[in-house]
>>> print(open('my_file-v7.tsv').read())   # TSV, N, CA and C atoms
chain	number	residue	atom	x	y	z
A	1	MET	N	-161.71	33.84	69.39
A	1	MET	CA	-161.79	32.60	68.63
A	1	MET	C	-160.49	31.81	68.81
A	2	ASN	N	-160.66	30.54	68.84
A	2	ASN	CA	-159.45	29.73	68.97
A	2	ASN	C	-158.93	29.33	67.59
A	3	ARG	N	-157.75	28.79	67.59
A	3	ARG	CA	-157.03	28.48	66.36
A	3	ARG	C	-157.76	27.43	65.52
A	4	LYS	N	-158.39	26.45	66.17
A	4	LYS	CA	-159.06	25.38	65.44
A	4	LYS	C	-160.24	25.91	64.63
A	5	LYS	N	-161.01	26.83	65.20
A	5	LYS	CA	-162.15	27.38	64.48
A	5	LYS	C	-161.71	28.22	63.29
A	6	ILE	N	-160.63	28.95	63.45
A	6	ILE	CA	-160.14	29.79	62.35
A	6	ILE	C	-159.65	28.92	61.19
A	7	ILE	N	-158.86	27.91	61.49
A	7	ILE	CA	-158.31	27.05	60.45
A	7	ILE	C	-159.41	26.27	59.75
A	8	THR	N	-160.33	25.69	60.51
A	8	THR	CA	-161.41	24.93	59.88
A	8	THR	C	-162.35	25.83	59.09
A	9	GLY	N	-162.55	27.04	59.54
A	9	GLY	CA	-163.39	27.98	58.80
A	9	GLY	C	-162.77	28.37	57.47
A	10	ILE	N	-161.48	28.63	57.49
A	10	ILE	CA	-160.78	28.98	56.24
A	10	ILE	C	-160.79	27.80	55.28
A	11	LEU	N	-160.54	26.59	55.77
A	11	LEU	CA	-160.54	25.42	54.89
A	11	LEU	C	-161.94	25.13	54.35
A	12	ALA	N	-162.97	25.32	55.16
A	12	ALA	CA	-164.33	25.11	54.69
A	12	ALA	C	-164.69	26.14	53.61
A	13	ALA	N	-164.25	27.37	53.79
A	13	ALA	CA	-164.51	28.40	52.78
A	13	ALA	C	-163.78	28.08	51.48
A	14	LEU	N	-162.53	27.64	51.56
A	14	LEU	CA	-161.78	27.27	50.36
A	14	LEU	C	-162.41	26.08	49.64
A	15	THR	N	-162.92	25.12	50.40
A	15	THR	CA	-163.60	23.98	49.81
A	15	THR	C	-164.86	24.43	49.08
A	16	GLY	N	-165.62	25.31	49.70
A	16	GLY	CA	-166.83	25.83	49.05
A	16	GLY	C	-166.52	26.61	47.80
A	17	ILE	N	-165.47	27.41	47.83
A	17	ILE	CA	-165.08	28.17	46.64
A	17	ILE	C	-164.64	27.22	45.52
A	18	ALA	N	-163.91	26.17	45.86
A	18	ALA	CA	-163.47	25.21	44.84
A	18	ALA	C	-164.65	24.48	44.21
A	19	VAL	N	-165.62	24.10	45.02
A	19	VAL	CA	-166.80	23.41	44.50
A	19	VAL	C	-167.63	24.35	43.61
A	20	ALA	N	-167.86	25.55	44.09
A	20	ALA	CA	-168.64	26.51	43.31
A	20	ALA	C	-167.92	26.88	42.01
A	21	GLY	N	-166.62	27.07	42.07
A	21	GLY	CA	-165.86	27.40	40.88
A	21	GLY	C	-165.85	26.29	39.85
A	22	SER	N	-165.77	25.05	40.30
A	22	SER	CA	-165.77	23.93	39.35
A	22	SER	C	-167.14	23.78	38.69
A	23	PHE	N	-168.22	23.97	39.45
A	23	PHE	CA	-169.56	23.93	38.85
A	23	PHE	C	-169.75	25.05	37.84
A	24	MET	N	-169.35	26.24	38.21
A	24	MET	CA	-169.50	27.37	37.30
A	24	MET	C	-168.66	27.18	36.04
A	25	ALA	N	-167.43	26.73	36.19
A	25	ALA	CA	-166.57	26.52	35.02
A	25	ALA	C	-167.14	25.42	34.13
A	26	TYR	N	-167.71	24.39	34.72
A	26	TYR	CA	-168.28	23.31	33.92
A	26	TYR	C	-169.44	23.82	33.07
A	27	PHE	N	-170.34	24.56	33.67
A	27	PHE	CA	-171.51	25.01	32.92
A	27	PHE	C	-171.19	26.14	31.95
A	28	ILE	N	-170.16	26.92	32.22
A	28	ILE	CA	-169.78	27.98	31.30
A	28	ILE	C	-169.02	27.41	30.10
A	29	LEU	N	-168.14	26.45	30.32
A	29	LEU	CA	-167.31	25.91	29.24
A	29	LEU	C	-167.97	24.80	28.44
A	30	GLN	N	-169.02	24.20	28.94
A	30	GLN	CA	-169.60	23.03	28.29
A	30	GLN	C	-170.11	23.28	26.88
A	31	PRO	N	-170.80	24.37	26.57
A	31	PRO	CA	-171.28	24.53	25.19
A	31	PRO	C	-170.16	24.63	24.15
A	32	ASP	N	-169.05	25.24	24.50
A	32	ASP	CA	-167.97	25.44	23.53
A	32	ASP	C	-166.98	24.28	23.50
A	33	LYS	N	-166.50	23.89	24.67
A	33	LYS	CA	-165.46	22.86	24.76
A	33	LYS	C	-165.84	21.85	25.84
A	34	PRO	N	-166.58	20.80	25.47
A	34	PRO	CA	-167.04	19.86	26.51
A	34	PRO	C	-165.92	19.10	27.21
A	35	TRP	N	-164.84	18.75	26.51
A	35	TRP	CA	-163.76	18.02	27.16
A	35	TRP	C	-163.00	18.89	28.14
A	36	LEU	N	-162.79	20.15	27.79
A	36	LEU	CA	-162.13	21.08	28.71
A	36	LEU	C	-163.01	21.31	29.95
A	37	ALA	N	-164.31	21.40	29.74
A	37	ALA	CA	-165.23	21.58	30.87
A	37	ALA	C	-165.16	20.39	31.82
A	38	LEU	N	-165.14	19.19	31.27
A	38	LEU	CA	-165.06	17.99	32.10
A	38	LEU	C	-163.73	17.94	32.85
A	39	PHE	N	-162.65	18.30	32.19
A	39	PHE	CA	-161.33	18.30	32.82
A	39	PHE	C	-161.27	19.31	33.97
A	40	VAL	N	-161.74	20.53	33.72
A	40	VAL	CA	-161.70	21.57	34.76
A	40	VAL	C	-162.59	21.18	35.94
A	41	ALA	N	-163.76	20.64	35.67
A	41	ALA	CA	-164.64	20.22	36.76
A	41	ALA	C	-164.05	19.05	37.53
A	42	GLY	N	-163.40	18.14	36.83
A	42	GLY	CA	-162.76	17.02	37.52
A	42	GLY	C	-161.62	17.46	38.42
A	43	MET	N	-160.80	18.38	37.93
A	43	MET	CA	-159.70	18.89	38.74
A	43	MET	C	-160.23	19.69	39.93
A	44	GLY	N	-161.31	20.43	39.74
A	44	GLY	CA	-161.93	21.14	40.85
A	44	GLY	C	-162.50	20.17	41.88
A	45	GLY	N	-163.06	19.07	41.41
A	45	GLY	CA	-163.56	18.04	42.32
A	45	GLY	C	-162.46	17.39	43.12
A	46	ILE	N	-161.35	17.12	42.46
A	46	ILE	CA	-160.20	16.54	43.17
A	46	ILE	C	-159.68	17.50	44.22
A	47	LEU	N	-159.60	18.78	43.87
A	47	LEU	CA	-159.16	19.80	44.83
A	47	LEU	C	-160.12	19.87	46.01
A	48	ALA	N	-161.42	19.80	45.76
A	48	ALA	CA	-162.40	19.86	46.84
A	48	ALA	C	-162.29	18.64	47.75
A	49	VAL	N	-162.07	17.47	47.17
A	49	VAL	CA	-161.91	16.26	47.99
A	49	VAL	C	-160.66	16.37	48.86
A	50	ASN	N	-159.57	16.85	48.27
A	50	ASN	CA	-158.33	17.00	49.05
A	50	ASN	C	-158.51	18.01	50.18
A	51	LEU	N	-159.15	19.13	49.90
A	51	LEU	CA	-159.39	20.11	50.96
A	51	LEU	C	-160.33	19.55	52.03
A	52	GLY	N	-161.30	18.75	51.61
A	52	GLY	CA	-162.19	18.11	52.58
A	52	GLY	C	-161.47	17.13	53.49
A	53	LEU	N	-160.55	16.36	52.91
A	53	LEU	CA	-159.76	15.45	53.73
A	53	LEU	C	-158.85	16.20	54.68
A	54	ILE	N	-158.24	17.26	54.21
A	54	ILE	CA	-157.41	18.09	55.08
A	54	ILE	C	-158.25	18.65	56.22
A	55	LEU	N	-159.43	19.14	55.89
A	55	LEU	CA	-160.34	19.68	56.90
A	55	LEU	C	-160.70	18.63	57.93
A	56	PHE	N	-161.00	17.42	57.48
A	56	PHE	CA	-161.36	16.34	58.38
A	56	PHE	C	-160.22	16.00	59.34
A	57	PHE	N	-159.01	15.84	58.80
A	57	PHE	CA	-157.90	15.42	59.64
A	57	PHE	C	-157.44	16.55	60.58
A	58	ILE	N	-157.50	17.78	60.13
A	58	ILE	CA	-157.15	18.89	61.02
A	58	ILE	C	-158.17	19.00	62.13
A	59	HIS	N	-159.44	18.88	61.78
A	59	HIS	CA	-160.50	18.97	62.80
A	59	HIS	C	-160.38	17.83	63.81
A	60	LYS	N	-159.98	16.66	63.34
A	60	LYS	CA	-159.87	15.51	64.22
A	60	LYS	C	-158.64	15.58	65.12
A	61	ASN	N	-157.52	16.08	64.62
A	61	ASN	CA	-156.26	15.98	65.35
A	61	ASN	C	-155.81	17.27	66.04
A	62	LEU	N	-156.38	18.39	65.71
A	62	LEU	CA	-155.94	19.64	66.32
A	62	LEU	C	-156.54	19.76	67.73
A	63	LYS	N	-155.75	20.14	68.65
A	63	LYS	CA	-156.21	20.28	70.03
A	63	LYS	C	-157.07	21.53	70.16
A	64	ARG	N	-158.21	21.38	70.78
A	64	ARG	CA	-159.19	22.45	71.02
A	64	ARG	C	-159.50	23.18	69.80
>>> encode(input="my_file-v7.tsv", output="C-alpha cells")
Amino acid sequence: MNRKKIITGILAALTGIAVAGSFMAYFILQPDKPWLALFVAGMGGILAVNLGLILFFIHKNLKR
C-alpha cells in the first residue's frame, strides 16, 4: 500500500467515528440534557467537517 491510501483511510475512519459518536451522544443525552446533547453533537459535527476538509486537501495534494 502506498502512503496516500493509508493516510486517507485513517482520516476516513476517524471521520466516520466522529460522525457516529456525535449521533450516538446526541440520542443518548437528549432525554436528560437537551442542550448538552445539542452542544456535543454540534462539536462532533464541526470535528467531522474539519476531518473531511483535511481528507479532501490531503487526497488532492499528496503525490500518488
>>> closest_residue(input="my_file-v7.tsv", among="A:Ala12, A:Ile6, A:Val40, A:Val19", to="A:Leu55", atoms="only C-alpha atoms")
A:Ala12
>>> closest_residue(input="my_file-v7.tsv", among="A:Ile58, A:Gly52, A:Ala41, A:Lys63", to="A:Gly16", atoms="only C-alpha atoms")
A:Gly52
>>> atom_distance(input="my_file-v7.tsv", atom1="atom CA of A:Asn2", atom2="atom CA of A:Leu14")
18.9 Å
>>> residues_around(input="my_file-v7.tsv", residues="A:Thr15", least_positions_apart="4", cutoff="8 Å", atoms="only N, CA and C atoms", output="ChimeraX atom specification")
/A:9-11,19-21,47-52
>>> atom_distance(input="my_file-v7.tsv", atom1="atom CA of A:Ile54", atom2="atom CA of A:Gly42")
18.4 Å
>>> atom_distance(input="my_file-v7.tsv", atom1="atom N of A:Ala18", atom2="atom C of A:Phe56")
17.3 Å
